[in-house]
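Q: This is coords37.pdb (PDB, C-alpha atoms, pLDDT in the B column).
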ATOM      1  CA  MET A   1     168.158 215.173 -15.391  1.00 49.00           C
ATOM      2  CA  THR A   2     168.271 214.849 -19.161  1.00 49.00           C
ATOM      3  CA  SER A   3     165.458 214.948 -21.647  1.00 48.00           C
ATOM      4  CA  ALA A   4     164.938 212.573 -24.563  1.00 52.00           C
ATOM      5  CA  SER A   5     167.016 214.839 -26.780  1.00 50.00           C
ATOM      6  CA  GLY A   6     169.960 214.618 -24.371  1.00 51.00           C
ATOM      7  CA  CYS A   7     169.624 218.201 -23.106  1.00 47.00           C
ATOM      8  CA  VAL A   8     169.812 218.874 -19.417  1.00 48.00           C
ATOM      9  CA  VAL A   9     166.485 219.929 -17.906  1.00 47.00           C
ATOM     10  CA  ILE A  10     166.771 222.135 -14.837  1.00 50.00           C
ATOM     11  CA  GLY A  11     164.017 223.203 -12.468  1.00 48.00           C
ATOM     12  CA  ARG A  12     161.106 221.385 -14.052  1.00 46.00           C
ATOM     13  CA  SER A  13     160.402 218.891 -11.271  1.00 45.00           C
ATOM     14  CA  ALA A  14     158.013 221.334  -9.539  1.00 46.00           C
ATOM     15  CA  ASP A  15     155.867 221.509 -12.680  1.00 44.00           C
ATOM     16  CA  VAL A  16     155.543 217.741 -12.851  1.00 46.00           C
ATOM     17  CA  ALA A  17     154.275 217.425  -9.273  1.00 51.00           C
ATOM     18  CA  LYS A  18     151.374 219.848  -9.700  1.00 56.00           C
ATOM     19  CA  THR A  19     147.922 218.348 -10.091  1.00 54.00           C
ATOM     20  CA  PRO A  20     145.144 220.004 -12.056  1.00 55.00           C
ATOM     21  CA  ASP A  21     142.469 221.907 -10.113  1.00 59.00           C
ATOM     22  CA  GLY A  22     139.767 219.348 -10.861  1.00 59.00           C
ATOM     23  CA  PHE A  23     141.898 216.381  -9.783  1.00 61.00           C
ATOM     24  CA  VAL A  24     140.031 213.389  -8.403  1.00 62.00           C
ATOM     25  CA  SER A  25     142.020 210.302  -7.491  1.00 63.00           C
ATOM     26  CA  LEU A  26     141.555 207.150  -9.545  1.00 60.00           C
ATOM     27  CA  THR A  27     140.714 205.122  -6.448  1.00 60.00           C
ATOM     28  CA  SER A  28     137.587 207.193  -5.906  1.00 58.00           C
ATOM     29  CA  LEU A  29     136.539 206.513  -9.501  1.00 55.00           C
ATOM     30  CA  LYS A  30     137.223 202.787  -9.259  1.00 60.00           C
ATOM     31  CA  HIS A  31     135.063 202.363  -6.182  1.00 63.00           C
ATOM     32  CA  GLY A  32     132.184 204.344  -7.647  1.00 63.00           C
ATOM     33  CA  PRO A  33     130.456 207.256  -6.004  1.00 60.00           C
ATOM     34  CA  PRO A  34     130.749 207.355  -2.217  1.00 65.00           C
ATOM     35  CA  ASP A  35     127.685 206.846  -0.101  1.00 88.00           C
ATOM     36  CA  ALA A  36     126.133 210.020   1.266  1.00 92.00           C
ATOM     37  CA  ALA A  37     127.441 209.594   4.810  1.00 93.00           C
ATOM     38  CA  ALA A  38     131.005 209.013   3.608  1.00 93.00           C
ATOM     39  CA  ALA A  39     130.862 212.005   1.241  1.00 93.00           C
ATOM     40  CA  LEU A  40     129.529 214.268   4.003  1.00 95.00           C
ATOM     41  CA  ALA A  41     132.235 213.024   6.375  1.00 95.00           C
ATOM     42  CA  GLU A  42     134.913 213.724   3.753  1.00 95.00           C
ATOM     43  CA  ILE A  43     133.574 217.246   3.096  1.00 96.00           C
ATOM     44  CA  ARG A  44     133.643 217.876   6.858  1.00 96.00           C
ATOM     45  CA  ARG A  45     137.217 216.550   7.079  1.00 96.00           C
ATOM     46  CA  ILE A  46     138.264 218.781   4.186  1.00 96.00           C
ATOM     47  CA  TYR A  47     136.708 221.798   5.920  1.00 96.00           C
ATOM     48  CA  PHE A  48     138.672 221.262   9.132  1.00 96.00           C
ATOM     49  CA  LYS A  49     141.974 220.257   7.498  1.00 96.00           C
ATOM     50  CA  THR A  50     142.256 222.813   4.683  1.00 95.00           C
ATOM     51  CA  THR A  51     145.089 225.342   4.673  1.00 94.00           C
ATOM     52  CA  ARG A  52     145.885 228.437   2.667  1.00 93.00           C
ATOM     53  CA  GLN A  53     148.119 226.339   0.410  1.00 93.00           C
ATOM     54  CA  THR A  54     145.508 223.614  -0.212  1.00 94.00           C
ATOM     55  CA  ILE A  55     142.248 225.606  -0.321  1.00 94.00           C
ATOM     56  CA  ASP A  56     141.879 225.612  -4.119  1.00 93.00           C
ATOM     57  CA  HIS A  57     142.375 221.858  -4.451  1.00 94.00           C
ATOM     58  CA  ASP A  58     140.280 221.139  -1.355  1.00 95.00           C
ATOM     59  CA  LEU A  59     137.362 223.258  -2.551  1.00 94.00           C
ATOM     60  CA  THR A  60     137.437 221.563  -5.946  1.00 94.00           C
ATOM     61  CA  HIS A  61     137.462 218.134  -4.296  1.00 94.00           C
ATOM     62  CA  ALA A  62     134.571 219.129  -1.987  1.00 95.00           C
ATOM     63  CA  ILE A  63     132.546 220.320  -4.991  1.00 94.00           C
ATOM     64  CA  GLU A  64     133.062 216.962  -6.712  1.00 92.00           C
ATOM     65  CA  LEU A  65     131.904 215.188  -3.557  1.00 93.00           C
ATOM     66  CA  LEU A  66     128.895 217.503  -3.322  1.00 93.00           C
ATOM     67  CA  LYS A  67     127.929 216.632  -6.900  1.00 92.00           C
ATOM     68  CA  SER A  68     127.973 212.947  -5.984  1.00 90.00           C
ATOM     69  CA  LEU A  69     125.383 213.334  -3.221  1.00 91.00           C
ATOM     70  CA  PRO A  70     122.139 211.685  -4.300  1.00 89.00           C
ATOM     71  CA  SER A  71     119.521 213.841  -2.566  1.00 91.00           C
ATOM     72  CA  GLU A  72     118.798 217.485  -1.915  1.00 94.00           C
ATOM     73  CA  ASP A  73     118.665 216.777   1.829  1.00 94.00           C
ATOM     74  CA  ASP A  74     122.230 215.445   1.764  1.00 94.00           C
ATOM     75  CA  ARG A  75     123.424 218.473  -0.209  1.00 94.00           C
ATOM     76  CA  GLU A  76     121.747 220.778   2.338  1.00 95.00           C
ATOM     77  CA  LYS A  77     123.694 219.092   5.142  1.00 94.00           C
ATOM     78  CA  ALA A  78     126.944 219.957   3.354  1.00 95.00           C
ATOM     79  CA  THR A  79     125.972 223.614   2.806  1.00 95.00           C
ATOM     80  CA  VAL A  80     127.606 224.945   5.985  1.00 95.00           C
ATOM     81  CA  TYR A  81     130.951 223.330   5.154  1.00 96.00           C
ATOM     82  CA  MET A  82     130.826 224.427   1.521  1.00 96.00           C
ATOM     83  CA  GLN A  83     130.035 228.029   2.476  1.00 97.00           C
ATOM     84  CA  GLY A  84     132.873 227.947   5.002  1.00 96.00           C
ATOM     85  CA  LEU A  85     135.326 226.677   2.390  1.00 96.00           C
ATOM     86  CA  ALA A  86     134.217 229.363  -0.077  1.00 95.00           C
ATOM     87  CA  GLU A  87     134.629 232.058   2.585  1.00 96.00           C
ATOM     88  CA  MET A  88     138.121 230.801   3.484  1.00 95.00           C
ATOM     89  CA  GLN A  89     139.103 230.887  -0.179  1.00 94.00           C
ATOM     90  CA  ARG A  90     137.847 234.475  -0.552  1.00 94.00           C
ATOM     91  CA  ASN A  91     139.588 235.666   2.610  1.00 93.00           C
ATOM     92  CA  TRP A  92     142.878 234.010   1.775  1.00 90.00           C
ATOM     93  CA  ALA A  93     142.735 235.274  -1.813  1.00 87.00           C
ATOM     94  CA  LYS A  94     142.250 238.841  -0.531  1.00 84.00           C
ATOM     95  CA  LYS A  95     145.233 238.559   1.808  1.00 79.00           C
ATOM     96  CA  LYS A  96     147.327 237.089  -0.980  1.00 73.00           C
ATOM     97  CA  SER A  97     146.506 239.907  -3.405  1.00 73.00           C
ATOM     98  CA  LYS A  98     147.117 242.587  -0.733  1.00 70.00           C
ATOM     99  CA  SER A  99     150.517 241.136   0.134  1.00 67.00           C
ATOM    100  CA  ARG A 100     151.504 241.006  -3.537  1.00 65.00           C
ATOM    101  CA  ARG A 101     150.654 244.675  -3.984  1.00 62.00           C
ATOM    102  CA  SER A 102     152.564 245.741  -0.876  1.00 62.00           C
ATOM    103  CA  GLY A 103     155.533 243.476  -1.618  1.00 61.00           C
ATOM    104  CA  LYS A 104     155.113 241.412   1.554  1.00 58.00           C
ATOM    105  CA  VAL A 105     155.343 237.630   1.506  1.00 55.00           C
ATOM    106  CA  ASP A 106     152.718 235.483   3.295  1.00 53.00           C
ATOM    107  CA  LYS A 107     153.994 232.662   5.462  1.00 51.00           C
TER     108      LYS A 107
END
With the file now loaded, output its structure as structure tokens.

A:
Amino acid sequence: MTSASGCVVIGRSADVAKTPDGFVSLTSLKHGPPDAAAALAEIRRIYFKTTRQTIDHDLTHAIELLKSLPSEDDREKATVYMQGLAEMQRNWAKKKSKSRRSGKVDK
């Protein structure tokens, strides 16, 4: 791959593919805020499908969905999933920092 100046660029494709932590897809913005039932269903789906590699992005997305909920009652219904996501993030962050200190690699 060459840059505009004609120099060869090596190993930068991984940087291009990363999305910022607060990423929200344009399709969700075009359609407006989701209805409460759809937002709760998406938060639930995120909770069950998240992995160690996706937890940061998933938690950020769930927070954005939580902000879009119109009533306090709807936000209360999402509390269990949000607490679970936060706990997963803490636990996986602890394991990650322990493995870095000991020199082990998580799989």

Q: Please compute the atom CA of Glu72 of chain A-atom CA of Asp56 of chain A distance, one decimal, in Å.

A: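 Computing the Euclidean distance for atom CA of Glu72 of chain A and atom CA of Asp56 of chain A yields 24.6 Å.
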
Q: What does the distance from atom CA of Trp92 of chain A to atom CA of Glu64 of chain A come to in Å, to one decimal?

A: 21.4 Å

Q: Name the residues in contact with segment 47-55 of chain A at a cut-off of 8 Å, using only C-alpha atoms, excluding same-chain residues fewer than 6 positions from it; report them as a list in words.

A: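 Here the answer would be Tyr81, Met82, Gly84, Leu85, Met88, Gln89 and Trp92 of chain A.
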
Q: How would the residues just picked look written out with C-alpha atoms as an mmCIF file, in the frame of the given file?

A:
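New file selection_28.cif:
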data_model
loop_
_atom_site.group_PDB
_atom_site.id
_atom_site.type_symbol
_atom_site.label_atom_id
_atom_site.label_comp_id
_atom_site.auth_asym_id
_atom_site.auth_seq_id
_atom_site.Cartn_x
_atom_site.Cartn_y
_atom_site.Cartn_z
ATOM 1 C CA TYR A 81 130.951 223.330 5.154
ATOM 2 C CA MET A 82 130.826 224.427 1.521
ATOM 3 C CA GLY A 84 132.873 227.947 5.002
ATOM 4 C CA LEU A 85 135.326 226.677 2.390
ATOM 5 C CA MET A 88 138.121 230.801 3.484
ATOM 6 C CA GLN A 89 139.103 230.887 -0.179
ATOM 7 C CA TRP A 92 142.878 234.010 1.775
#

Q: Between atom CA of Arg90 of chain A and atom CA of Asp35 of chain A, measure the distance and give it in Å to one decimal.

A: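 One can read the atom CA of Arg90 of chain A to atom CA of Asp35 of chain A distance as 29.4 Å.
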
Q: For the structure provided, state which residues fall under the PyMOL selection byres ((chain A and resi 78) around 12), and present them as a ChimeraX atom specification.

A: /A:36-47,62-63,65-69,71-77,79-85

Q: Give the padded box for segment 65-72 of chain A as lines of an AutoDock Vina configuration file: axis-aligned, covering all atoms listed in the file, 4 Å on each side, centre and edge lengths in Å to one decimal.

A:
center_x = 125.4
center_y = 214.6
center_z = -4.4
size_x = 21.1
size_y = 13.8
size_z = 13.0
